[in-house]
file model-v5.csv (CSV, C-alpha atoms)
chain,number,residue,atom,x,y,z
L,412,MET,CA,91.1,135.7,277.5
L,413,ALA,CA,88.7,137.5,279.7
L,414,ALA,CA,90.2,140.4,281.7
L,415,SER,CA,89.1,138.8,284.9
L,416,MET,CA,91.1,135.7,284.1
L,417,GLN,CA,94.2,137.8,283.4
L,418,GLU,CA,93.7,139.6,286.6
L,419,ALA,CA,93.3,136.3,288.5
L,420,LEU,CA,96.5,135.0,287.0
L,421,ALA,CA,98.5,138.1,287.7
L,422,GLU,CA,97.2,138.3,291.2
L,423,ALA,CA,98.2,134.6,291.8
L,424,GLN,CA,101.7,135.3,290.5
L,425,ARG,CA,101.9,138.4,292.7
L,426,LEU,CA,100.8,136.5,295.8
L,427,GLN,CA,103.3,133.8,295.1
L,428,ALA,CA,106.1,136.3,294.7
L,429,ALA,CA,105.1,138.1,297.8
L,430,TYR,CA,104.2,135.3,300.1
L,431,GLY,CA,105.2,132.0,298.5
L,432,ALA,CA,108.3,131.5,300.6
L,433,ALA,CA,106.5,132.4,303.8
L,434,ILE,CA,103.6,130.1,303.1
L,435,LEU,CA,106.0,127.2,302.5
L,436,GLY,CA,107.9,128.2,305.6
L,437,ASP,CA,104.8,128.0,307.7
L,438,GLU,CA,104.5,124.5,309.2
L,439,ARG,CA,100.7,124.4,309.4
L,440,LEU,CA,100.3,125.6,305.8
L,441,ARG,CA,103.0,123.3,304.5
L,442,GLY,CA,101.3,120.4,306.2
L,443,LEU,CA,97.9,121.3,304.7
L,444,LEU,CA,99.5,121.7,301.3
L,445,SER,CA,101.2,118.3,301.6
L,446,ALA,CA,97.9,116.6,302.7
L,447,TYR,CA,96.1,118.2,299.7
L,448,GLN,CA,98.8,117.1,297.3
L,449,GLU,CA,98.6,113.6,298.7
L,450,ALA,CA,94.9,113.6,298.1
L,451,ILE,CA,95.4,114.8,294.5
L,452,VAL,CA,97.9,112.0,293.9
L,453,GLN,CA,95.4,109.4,295.3
L,454,THR,CA,92.6,110.7,293.1
L,455,ALA,CA,94.9,110.4,290.1
L,456,ALA,CA,95.9,106.9,291.0
L,457,LEU,CA,92.3,105.8,291.4
L,458,THR,CA,91.3,107.5,288.1
L,459,ALA,CA,94.2,105.6,286.4
L,460,GLU,CA,93.2,102.3,288.0
L,461,LEU,CA,89.6,102.7,286.8
L,462,ALA,CA,90.9,103.6,283.3
L,463,VAL,CA,88.9,106.8,283.1
L,464,GLU,CA,91.7,108.4,281.1
L,465,ARG,CA,91.1,105.9,278.2
L,466,ILE,CA,87.5,107.0,277.9
L,467,CYS,CA,88.4,110.7,278.0
L,468,VAL,CA,91.1,110.3,275.4
L,469,ALA,CA,88.8,108.5,273.0
L,470,CYS,CA,86.0,111.0,273.5
L,471,ALA,CA,88.2,114.1,273.2
L,472,ALA,CA,89.8,112.7,270.1
L,473,ARG,CA,86.5,112.0,268.3
L,474,ASP,CA,84.8,115.3,269.1
L,475,ALA,CA,86.2,117.9,271.5
L,476,VAL,CA,87.0,118.1,275.2
L,477,CYS,CA,84.2,118.5,277.6
L,478,CYS,CA,86.2,121.2,279.4
L,479,PHE,CA,84.2,124.0,277.9
L,480,THR,CA,85.3,127.6,277.3
L,481,GLY,CA,84.5,129.7,280.4
L,482,VAL,CA,84.9,127.0,283.0
L,483,GLU,CA,88.3,128.6,283.7
L,484,LYS,CA,86.5,131.4,285.3
L,485,ARG,CA,85.8,129.1,288.3
L,486,TYR,CA,89.5,129.4,289.1
L,487,ASP,CA,90.2,132.5,291.3
L,488,GLN,CA,93.6,133.8,292.4
L,489,TYR,CA,93.6,131.6,295.5
L,490,LEU,CA,93.2,128.3,293.7
L,491,LEU,CA,95.7,129.5,291.1
L,492,LEU,CA,98.2,130.4,293.8
L,493,ILE,CA,97.8,126.9,295.3
L,494,ASN,CA,98.6,125.5,291.8
L,495,LEU,CA,101.8,127.6,291.8
L,496,LEU,CA,102.7,126.4,295.3
L,497,LEU,CA,102.2,122.8,294.1
L,498,GLY,CA,104.6,123.4,291.2
L,499,ALA,CA,102.1,123.8,288.3
L,500,ARG,CA,103.1,126.0,285.5
L,501,LEU,CA,100.2,128.3,284.6
L,502,PRO,CA,99.9,129.2,281.0
L,503,LEU,CA,99.9,132.8,279.8
L,504,GLU,CA,97.8,132.1,276.8
L,505,ALA,CA,95.2,129.4,275.9
L,506,GLU,CA,96.7,126.5,273.9
L,507,LEU,CA,93.4,125.2,272.5
L,508,THR,CA,90.5,127.1,271.0
L,509,ASP,CA,86.9,126.3,272.1
L,510,SER,CA,88.0,124.8,275.4
L,511,CYS,CA,89.0,125.7,278.9
L,512,PHE,CA,92.0,128.1,279.1
L,513,PHE,CA,93.9,125.6,281.1
L,514,CYS,CA,93.3,122.6,278.8
L,515,GLY,CA,96.3,121.7,276.7
L,516,SER,CA,97.3,119.0,274.2
L,517,GLN,CA,98.1,116.7,277.2
L,518,GLY,CA,95.1,117.5,279.2
L,519,CYS,CA,94.6,119.8,282.2
L,520,LYS,CA,97.6,121.9,283.1
L,521,LEU,CA,96.4,122.4,286.7
L,522,LEU,CA,97.1,120.3,289.7
L,523,ALA,CA,94.6,121.9,292.1
L,524,LYS,CA,91.2,121.6,290.4
L,525,ASN,CA,87.9,123.3,291.0
L,526,SER,CA,85.1,121.1,292.5
L,527,PHE,CA,83.2,121.5,289.2
L,528,CYS,CA,85.9,119.8,287.2
L,529,LEU,CA,86.4,117.1,289.7
L,530,ASN,CA,82.7,116.3,290.1
L,531,PHE,CA,82.0,116.2,286.4
L,532,PHE,CA,81.4,112.7,285.1
L,533,CYS,CA,79.7,112.3,281.8
L,534,PRO,CA,77.2,109.6,281.2
L,535,GLU,CA,79.7,107.5,279.2
L,536,ILE,CA,82.1,107.5,282.2
L,537,ARG,CA,79.2,106.8,284.6
L,538,GLN,CA,78.1,103.8,282.6
L,539,ALA,CA,81.6,102.5,282.1
L,540,LEU,CA,82.4,102.7,285.8
L,541,GLY,CA,79.2,101.3,287.2
L,542,ALA,CA,77.7,102.4,290.4
L,543,ASP,CA,80.3,100.9,292.8
L,544,ASN,CA,83.4,102.3,291.1
L,545,LEU,CA,81.7,105.7,290.5
L,546,ALA,CA,80.9,105.8,294.3
L,547,ARG,CA,84.6,104.9,295.0
L,548,LEU,CA,85.8,107.7,292.7
L,549,LEU,CA,83.3,110.2,294.1
L,550,ARG,CA,84.5,109.3,297.7
L,551,GLN,CA,88.1,110.0,296.7
L,552,VAL,CA,87.1,113.2,295.0
L,553,GLY,CA,85.3,114.2,298.2
L,554,GLN,CA,88.6,113.5,300.1
L,555,GLU,CA,90.5,115.7,297.7
L,556,LEU,CA,88.0,118.6,297.9
L,557,SER,CA,87.9,118.3,301.7
L,558,ALA,CA,91.7,118.6,301.8
L,559,GLN,CA,91.4,121.6,299.4
L,560,TRP,CA,88.8,123.2,301.7
L,561,GLU,CA,90.9,122.6,304.8
L,562,LEU,CA,93.8,124.4,303.1
L,563,ASP,CA,91.6,127.2,301.8
L,564,ARG,CA,90.1,128.0,305.2
L,565,VAL,CA,93.6,128.5,306.6
L,566,LEU,CA,95.5,130.0,303.7
L,567,ILE,CA,93.0,132.6,302.6
L,568,PRO,CA,92.6,134.2,306.1
L,569,TRP,CA,96.4,134.0,306.4
L,570,LEU,CA,96.8,136.0,303.2
L,571,TRP,CA,94.2,138.5,304.3
L,572,GLN,CA,96.0,139.0,307.6
L,573,ARG,CA,99.4,139.5,305.9
L,574,GLN,CA,97.9,142.0,303.5
L,575,ALA,CA,96.2,143.9,306.3
L,576,GLN,CA,99.4,144.0,308.3
L,577,GLU,CA,101.3,145.4,305.4
L,578,THR,CA,98.6,148.0,304.8
L,579,GLU,CA,98.9,149.0,308.4
L,580,GLN,CA,102.6,149.3,308.2
L,581,GLY,CA,102.4,151.3,305.0
L,582,ARG,CA,100.3,154.0,306.7
U,480,MET,CA,110.7,130.3,294.2
U,481,GLN,CA,110.8,126.7,295.2
U,482,ALA,CA,107.4,125.0,295.1
U,483,LEU,CA,106.5,122.4,297.7
U,484,GLY,CA,109.8,120.5,297.0
U,485,LYS,CA,111.4,118.0,294.7
U,486,GLN,CA,109.1,115.2,295.8
U,487,SER,CA,106.2,117.5,295.1
U,488,LYS,CA,107.4,118.3,291.7
U,489,SER,CA,107.8,114.6,290.7
U,490,ARG,CA,104.3,114.0,292.1
U,491,GLY,CA,103.1,116.9,290.1
U,492,ARG,CA,104.5,115.5,287.0
U,493,ALA,CA,102.9,112.1,287.8
U,494,MET,CA,99.6,113.9,288.3
U,495,ALA,CA,99.9,115.6,285.0
U,496,LEU,CA,100.2,112.2,283.4
U,497,GLY,CA,97.2,110.8,285.2
U,498,ALA,CA,93.6,111.7,285.7
U,499,TRP,CA,92.3,113.7,282.8
U,500,ALA,CA,95.5,113.7,280.8
U,501,LEU,CA,95.0,113.3,277.1
U,502,ALA,CA,97.8,112.0,274.9
U,503,ALA,CA,99.1,114.5,272.4
U,504,ALA,CA,99.3,111.9,269.7
U,505,LEU,CA,95.6,111.4,270.0
U,506,TRP,CA,95.0,115.0,269.5
U,507,LEU,CA,96.8,114.7,266.2
U,508,LEU,CA,94.7,111.7,265.3
U,509,ALA,CA,91.6,113.7,266.1
U,510,GLY,CA,92.2,115.7,262.9
U,511,CYS,CA,92.3,112.5,260.9
U,512,GLY,CA,88.8,111.3,261.1
U,513,GLN,CA,86.8,110.5,264.2
U,514,TYR,CA,89.2,108.5,266.3
U,515,GLY,CA,87.5,106.6,269.1
U,516,THR,CA,84.5,105.9,267.0
U,517,LEU,CA,83.5,102.6,265.4
U,518,ASP,CA,84.6,102.1,261.8
U,519,PRO,CA,81.3,101.8,260.0
U,520,GLY,CA,82.7,99.8,257.1
U,521,PRO,CA,82.3,100.4,253.3
U,522,ASN,CA,78.5,100.6,253.1
U,523,PRO,CA,77.1,101.7,256.4
U,524,ALA,CA,73.5,102.3,257.3
U,525,LYS,CA,72.6,105.9,258.1
U,526,VAL,CA,70.8,106.4,261.4
U,527,ARG,CA,69.3,109.8,261.8
U,528,VAL,CA,68.6,110.9,265.4
U,529,LEU,CA,66.1,113.7,266.0
U,530,LEU,CA,66.2,115.1,269.5
U,531,SER,CA,64.0,117.7,271.1
U,532,LEU,CA,64.6,118.0,274.8
U,533,GLN,CA,63.9,120.7,277.4
U,534,GLU,CA,65.8,121.2,280.5
U,535,ASP,CA,63.9,120.7,283.8
U,536,ARG,CA,65.1,123.0,286.5
U,537,ASN,CA,62.7,121.3,288.9
U,538,TRP,CA,65.6,118.9,289.3
U,539,LEU,CA,67.5,121.5,291.2
U,540,ASP,CA,67.0,122.1,294.9
U,541,PRO,CA,65.1,125.4,295.5
U,542,TRP,CA,68.0,126.9,297.3
U,543,ASP,CA,70.6,126.0,294.6
U,544,LEU,CA,72.3,129.0,293.1
U,545,ALA,CA,72.4,127.8,289.6
U,546,GLN,CA,74.0,129.5,286.6
U,547,PRO,CA,71.5,130.4,283.9
U,548,TYR,CA,73.2,128.4,281.2
U,549,THR,CA,72.5,124.7,280.5
U,550,ARG,CA,75.1,122.7,278.6
U,551,TRP,CA,74.3,119.5,276.7
U,552,ASP,CA,76.4,116.6,275.8
U,553,TRP,CA,75.1,113.7,273.8
U,554,ASP,CA,76.0,110.8,271.6
U,555,LEU,CA,74.8,107.6,269.9
U,556,TYR,CA,76.6,104.4,270.9
U,557,LEU,CA,76.7,100.8,269.8
U,558,VAL,CA,76.1,98.6,272.9
U,559,GLN,CA,78.4,95.6,272.8
U,560,GLU,CA,77.5,92.2,274.2
U,561,ASP,CA,79.6,92.8,277.3
U,562,GLY,CA,77.7,96.1,277.8
U,563,ARG,CA,80.6,98.4,276.7
U,564,LEU,CA,79.7,101.4,274.6
U,565,ILE,CA,81.4,102.4,271.4
U,566,ALA,CA,80.6,105.8,270.0
U,567,LEU,CA,79.3,105.9,266.5
U,568,ARG,CA,80.6,108.2,263.8
U,569,THR,CA,78.6,111.2,262.7
U,570,ALA,CA,78.2,111.6,258.9
U,571,ARG,CA,79.3,115.3,259.0
U,572,GLY,CA,81.6,115.4,262.0
U,573,GLN,CA,79.4,117.6,264.2
U,574,SER,CA,80.4,118.4,267.8
U,575,LEU,CA,77.9,117.0,270.3
U,576,LYS,CA,79.5,118.5,273.4
U,577,ALA,CA,78.9,121.5,275.5
U,578,ILE,CA,75.9,122.7,273.4
U,579,LEU,CA,74.4,125.7,275.1
U,580,GLY,CA,70.7,126.3,275.4
U,581,HIS,CA,67.6,125.7,277.5
U,582,LYS,CA,66.4,123.3,274.8
U,583,LEU,CA,68.3,120.8,272.8
U,584,GLU,CA,67.2,120.5,269.2
U,585,GLN,CA,69.4,118.1,267.2
U,586,ASP,CA,69.2,116.5,263.8
U,587,VAL,CA,72.3,114.3,263.3
U,588,VAL,CA,73.1,111.4,261.0
U,589,PHE,CA,75.3,108.6,262.3
U,590,LEU,CA,77.1,105.9,260.3
U,591,VAL,CA,76.4,102.4,261.6
U,592,PRO,CA,77.6,99.0,260.4
U,593,PRO,CA,74.8,96.9,259.0
U,594,GLY,CA,73.3,94.0,261.0
U,595,GLN,CA,71.4,93.4,264.2
U,596,ARG,CA,72.4,96.2,266.6
U,597,ARG,CA,71.6,97.6,269.9
U,598,LEU,CA,72.0,101.3,269.8
U,599,ARG,CA,71.9,103.7,272.8
U,600,VAL,CA,71.2,107.4,272.8
U,601,ILE,CA,72.6,109.2,275.9
U,602,VAL,CA,71.8,112.9,276.5
U,603,HIS,CA,73.0,114.8,279.5
U,604,GLY,CA,72.0,118.4,280.3
U,605,TYR,CA,73.7,120.1,283.2
U,606,VAL,CA,74.1,123.4,284.9
U,607,GLU,CA,76.7,124.8,287.3
U,608,VAL,CA,75.6,125.3,290.8
U,609,GLN,CA,77.6,127.6,293.1
U,610,ASP,CA,78.4,127.0,296.7
U,611,GLY,CA,80.4,130.0,297.7
U,612,ARG,CA,83.8,129.7,295.9
U,613,TYR,CA,82.9,126.2,294.8
U,614,TYR,CA,80.9,125.0,291.9
U,615,ARG,CA,79.4,121.6,291.0
U,616,PRO,CA,77.5,120.2,288.0
U,617,VAL,CA,73.9,119.3,288.5
U,618,ASP,CA,71.8,117.4,285.9
U,619,VAL,CA,68.7,119.2,284.6
U,620,ALA,CA,68.1,116.6,281.8
U,621,TYR,CA,69.1,113.1,281.2
U,622,LEU,CA,68.0,110.6,278.6
U,623,ASN,CA,69.2,107.0,278.2
U,624,GLN,CA,67.3,105.0,275.6
U,625,ASP,CA,68.1,101.8,273.7
U,626,PHE,CA,66.9,100.9,270.2
U,627,GLN,CA,67.1,97.4,268.8
U,628,VAL,CA,67.6,97.7,265.0
U,629,ASN,CA,68.3,95.4,262.1
U,630,LEU,CA,70.0,97.5,259.5
U,631,ALA,CA,70.6,96.6,255.8
U,632,PRO,CA,73.7,98.1,254.0
U,633,GLY,CA,73.0,101.7,253.0
U,634,GLN,CA,69.6,101.7,254.8
U,635,GLU,CA,68.4,104.9,256.3
U,636,ILE,CA,66.3,105.0,259.5
U,637,THR,CA,65.3,107.7,261.9
U,638,LEU,CA,65.3,107.5,265.7
U,639,ARG,CA,63.3,109.8,267.9
U,640,PRO,CA,64.3,109.3,271.5
U,641,SER,CA,61.4,110.4,273.6
U,642,ALA,CA,61.3,112.6,276.6
U,643,GLN,CA,59.1,110.1,278.4
U,644,ASP,CA,62.1,107.8,278.7
U,645,ARG,CA,64.1,110.3,280.7
U,646,VAL,CA,65.2,109.1,284.1
U,647,LYS,CA,66.3,111.4,286.8
call {"tool": "encode", "arguments": {"input": "model-v5.csv", "output": "structure tokens"}}
result
Amino acid sequence: MAASMQEALAEAQRLQAAYGAAILGDERLRGLLSAYQEAIVQTAALTAELAVERICVACAARDAVCCFTGVEKRYDQYLLLINLLLGARLPLEAELTDSCFFCGSQGCKLLAKNSFCLNFFCPEIRQALGADNLARLLRQVGQELSAQWELDRVLIPWLWQRQAQETEQGR
Amino acid sequence: MQALGKQSKSRGRAMALGAWALAAALWLLAGCGQYGTLDPGPNPAKVRVLLSLQEDRNWLDPWDLAQPYTRWDWDLYLVQEDGRLIALRTARGQSLKAILGHKLEQDVVFLVPPGQRRLRVIVHGYVEVQDGRYYRPVDVAYLNQDFQVNLAPGQEITLRPSAQDRVK
């Protein structure tokens, strides 16, 4: 595992320990987290309805997963913190070789996903879905990413502010 | 520390089962031959696919902040009458995913059941484009070409999908 990934994981754990309770106690942040979680659930429901999982399972089983090694570097401490806040268990070590650090025997271990992962649709999925269903799914992915962005733009400055206050108090 | 709540946890578990979840049993099957591919039967034809493709970064917008690496995924499929695709088995079990390089040079033999068949080669080359903290995949190569073939048992043929058939 790259040092930067270890650092991001450790920092996410530290942020959760230091601020997790306060984040969940903040009405605005809790509301944004709930809205984001709801969007994630809706994306999962639509993906299941469109049977995308069946294509992914067959494809992964015959070859390898498309979640390539290195894509985990797109996950910084903030997105990993959001995963912890949503109840995801972050792995300490990679389970599979030659694939994303977060990919396990039952698929992705994350709940809050990077826009790259959500927007990646291989040609086999594109052709199986057809234009209309692909557009439906992309719209829902857009909703999920919009909810993630809304949370990011409040949570990250909130964390910066807290950290700055603590630095001031420590002087 | 408590996460978003019990409801959140149950939803989280439901999420883990949905979307891109892959069944553990199928991972085990993956080691026992190429699950998810068409069984080619006892005396399959051998279809050799020769690919030589180059990425085209002109497909990117000039202001896109693209990563330097291009990844390629490709496969050969049998097109069924209803249009559904079934992946064909490679003779040597090569991986055809996340191949790195500005060019894609491939020489792979697939096992195909004899008879009148419509085969489709799909190749997808993509790069990561960065928007601040966010990334998205953008195509820099795409090929989707069909071949009508009539294969005798054990016959060997070669397909050379052509760059001219790329569609953006």
call {"tool": "closest_residue", "arguments": {"input": "model-v5.csv", "among": "U:Arg639, U:Lys582, U:Arg527, U:Arg615", "to": "chain L", "atoms": "all atoms listed in the file"}}
result
U:Arg615
call {"tool": "residues_around", "arguments": {"input": "model-v5.csv", "residues": "Arg573 of chain L", "least_positions_apart": "3", "cutoff": "12 Å", "atoms": "all atoms listed in the file", "output": "list in words"}}
result
Leu426, Ala429, Tyr430, Ala433, Ile434, Leu566, Ile567, Pro568, Trp569, Leu570, Gln576, Glu577, Thr578, Glu579 and Gln580 of chain L
call {"tool": "closest_atom_pairs", "arguments": {"input": "model-v5.csv", "of": "segment 489-512 of chain L", "to": "segment 465-476 of chain L", "cutoff": "10 Å", "atoms": "all atoms listed in the file", "output": "tab-separated table"}}
result
residue	atom	partner	partner_atom	distance
L:Leu507	CA	L:Val476	CA	9.9
L:Asp509	CA	L:Ala475	CA	8.5
L:Ser510	CA	L:Val476	CA	6.8
L:Cys511	CA	L:Val476	CA	8.7
call {"tool": "atom_distance", "arguments": {"input": "model-v5.csv", "atom1": "atom CA of Ala428 of chain L", "atom2": "atom CA of Gln559 of chain L"}}
result
21.3 Å
call {"tool": "residues_around", "arguments": {"input": "model-v5.csv", "residues": "Pro521 of chain U", "least_positions_apart": "6", "cutoff": "12 Å", "atoms": "all atoms listed in the file", "output": "MDAnalysis selection string"}}
result
chainID U and resid 590:593 632:633
call {"tool": "interface_residues", "arguments": {"input": "model-v5.csv", "of": "chain L", "to": "chain U", "cutoff": "8 Å", "atoms": "only C-alpha atoms", "output": "PDB file with C-alpha atoms, in the coordinates of the input"}}
result
ATOM      1  CA  ALA L 428     106.100 136.300 294.700  1.00  0.00           C
ATOM      2  CA  GLY L 431     105.200 132.000 298.500  1.00  0.00           C
ATOM      3  CA  ALA L 432     108.300 131.500 300.600  1.00  0.00           C
ATOM      4  CA  LEU L 435     106.000 127.200 302.500  1.00  0.00           C
ATOM      5  CA  ARG L 441     103.000 123.300 304.500  1.00  0.00           C
ATOM      6  CA  LEU L 444      99.500 121.700 301.300  1.00  0.00           C
ATOM      7  CA  SER L 445     101.200 118.300 301.600  1.00  0.00           C
ATOM      8  CA  GLN L 448      98.800 117.100 297.300  1.00  0.00           C
ATOM      9  CA  ILE L 451      95.400 114.800 294.500  1.00  0.00           C
ATOM     10  CA  VAL L 452      97.900 112.000 293.900  1.00  0.00           C
ATOM     11  CA  THR L 454      92.600 110.700 293.100  1.00  0.00           C
ATOM     12  CA  ALA L 455      94.900 110.400 290.100  1.00  0.00           C
ATOM     13  CA  ALA L 456      95.900 106.900 291.000  1.00  0.00           C
ATOM     14  CA  THR L 458      91.300 107.500 288.100  1.00  0.00           C
ATOM     15  CA  ALA L 459      94.200 105.600 286.400  1.00  0.00           C
ATOM     16  CA  VAL L 463      88.900 106.800 283.100  1.00  0.00           C
ATOM     17  CA  GLU L 464      91.700 108.400 281.100  1.00  0.00           C
ATOM     18  CA  CYS L 467      88.400 110.700 278.000  1.00  0.00           C
ATOM     19  CA  VAL L 468      91.100 110.300 275.400  1.00  0.00           C
ATOM     20  CA  ALA L 469      88.800 108.500 273.000  1.00  0.00           C
ATOM     21  CA  CYS L 470      86.000 111.000 273.500  1.00  0.00           C
ATOM     22  CA  ALA L 471      88.200 114.100 273.200  1.00  0.00           C
ATOM     23  CA  ALA L 472      89.800 112.700 270.100  1.00  0.00           C
ATOM     24  CA  ARG L 473      86.500 112.000 268.300  1.00  0.00           C
ATOM     25  CA  ASP L 474      84.800 115.300 269.100  1.00  0.00           C
ATOM     26  CA  ALA L 475      86.200 117.900 271.500  1.00  0.00           C
ATOM     27  CA  VAL L 476      87.000 118.100 275.200  1.00  0.00           C
ATOM     28  CA  CYS L 477      84.200 118.500 277.600  1.00  0.00           C
ATOM     29  CA  PHE L 479      84.200 124.000 277.900  1.00  0.00           C
ATOM     30  CA  ARG L 485      85.800 129.100 288.300  1.00  0.00           C
ATOM     31  CA  LEU L 495     101.800 127.600 291.800  1.00  0.00           C
ATOM     32  CA  LEU L 496     102.700 126.400 295.300  1.00  0.00           C
ATOM     33  CA  LEU L 497     102.200 122.800 294.100  1.00  0.00           C
ATOM     34  CA  GLY L 498     104.600 123.400 291.200  1.00  0.00           C
ATOM     35  CA  ALA L 499     102.100 123.800 288.300  1.00  0.00           C
ATOM     36  CA  SER L 516      97.300 119.000 274.200  1.00  0.00           C
ATOM     37  CA  GLN L 517      98.100 116.700 277.200  1.00  0.00           C
ATOM     38  CA  GLY L 518      95.100 117.500 279.200  1.00  0.00           C
ATOM     39  CA  CYS L 519      94.600 119.800 282.200  1.00  0.00           C
ATOM     40  CA  LYS L 520      97.600 121.900 283.100  1.00  0.00           C
ATOM     41  CA  LEU L 521      96.400 122.400 286.700  1.00  0.00           C
ATOM     42  CA  LEU L 522      97.100 120.300 289.700  1.00  0.00           C
ATOM     43  CA  ASN L 525      87.900 123.300 291.000  1.00  0.00           C
ATOM     44  CA  SER L 526      85.100 121.100 292.500  1.00  0.00           C
ATOM     45  CA  PHE L 527      83.200 121.500 289.200  1.00  0.00           C
ATOM     46  CA  CYS L 528      85.900 119.800 287.200  1.00  0.00           C
ATOM     47  CA  ASN L 530      82.700 116.300 290.100  1.00  0.00           C
ATOM     48  CA  PHE L 531      82.000 116.200 286.400  1.00  0.00           C
ATOM     49  CA  CYS L 533      79.700 112.300 281.800  1.00  0.00           C
ATOM     50  CA  PRO L 534      77.200 109.600 281.200  1.00  0.00           C
ATOM     51  CA  GLU L 535      79.700 107.500 279.200  1.00  0.00           C
ATOM     52  CA  ALA L 539      81.600 102.500 282.100  1.00  0.00           C
TER      53      ALA L 539
END
call {"tool": "atom_distance", "arguments": {"input": "model-v5.csv", "atom1": "atom CA of Glu635 of chain U", "atom2": "atom CA of Asp518 of chain U"}}
result
17.3 Å
call {"tool": "atom_distance", "arguments": {"input": "model-v5.csv", "atom1": "atom CA of Tyr486 of chain L", "atom2": "atom CA of Val552 of chain L"}}
result
17.4 Å
call {"tool": "closest_residue", "arguments": {"input": "model-v5.csv", "among": "L:Leu548, L:Leu529, L:Gly581, L:Cys514", "to": "Glu460 of chain L", "atoms": "all atoms listed in the file"}}
result
L:Leu548
call {"tool": "build_atoms", "arguments": {"input": "model-v5.csv", "residues": "segment 449-462 of chain L", "atoms": "N, CA and C atoms", "output": "CSV table (one decimal), in the frame of the given file"}}
result
chain,number,residue,atom,x,y,z
L,449,GLU,N,98.7,115.0,298.5
L,449,GLU,CA,98.6,113.6,298.7
L,449,GLU,C,97.2,113.1,298.2
L,450,ALA,N,96.2,113.9,298.5
L,450,ALA,CA,94.9,113.6,298.1
L,450,ALA,C,94.7,113.7,296.6
L,451,ILE,N,95.4,114.6,296.0
L,451,ILE,CA,95.4,114.8,294.5
L,451,ILE,C,96.0,113.6,293.9
L,452,VAL,N,97.1,113.1,294.4
L,452,VAL,CA,97.9,112.0,293.9
L,452,VAL,C,97.0,110.7,294.0
L,453,GLN,N,96.3,110.6,295.1
L,453,GLN,CA,95.4,109.4,295.3
L,453,GLN,C,94.2,109.4,294.3
L,454,THR,N,93.7,110.6,294.0
L,454,THR,CA,92.6,110.7,293.1
L,454,THR,C,93.1,110.3,291.7
L,455,ALA,N,94.3,110.8,291.4
L,455,ALA,CA,94.9,110.4,290.1
L,455,ALA,C,95.2,108.9,289.9
L,456,ALA,N,95.6,108.3,291.0
L,456,ALA,CA,95.9,106.9,291.0
L,456,ALA,C,94.6,106.1,290.8
L,457,LEU,N,93.6,106.5,291.5
L,457,LEU,CA,92.3,105.8,291.4
L,457,LEU,C,91.7,106.0,290.0
L,458,THR,N,91.8,107.2,289.5
L,458,THR,CA,91.3,107.5,288.1
L,458,THR,C,92.1,106.6,287.1
L,459,ALA,N,93.4,106.5,287.3
L,459,ALA,CA,94.2,105.6,286.4
L,459,ALA,C,93.8,104.1,286.5
L,460,GLU,N,93.6,103.7,287.8
L,460,GLU,CA,93.2,102.3,288.0
L,460,GLU,C,91.9,102.0,287.3
L,461,LEU,N,91.0,102.9,287.3
L,461,LEU,CA,89.6,102.7,286.8
L,461,LEU,C,89.6,103.0,285.3
L,462,ALA,N,90.7,103.4,284.7
L,462,ALA,CA,90.9,103.6,283.3
L,462,ALA,C,90.0,104.7,282.7
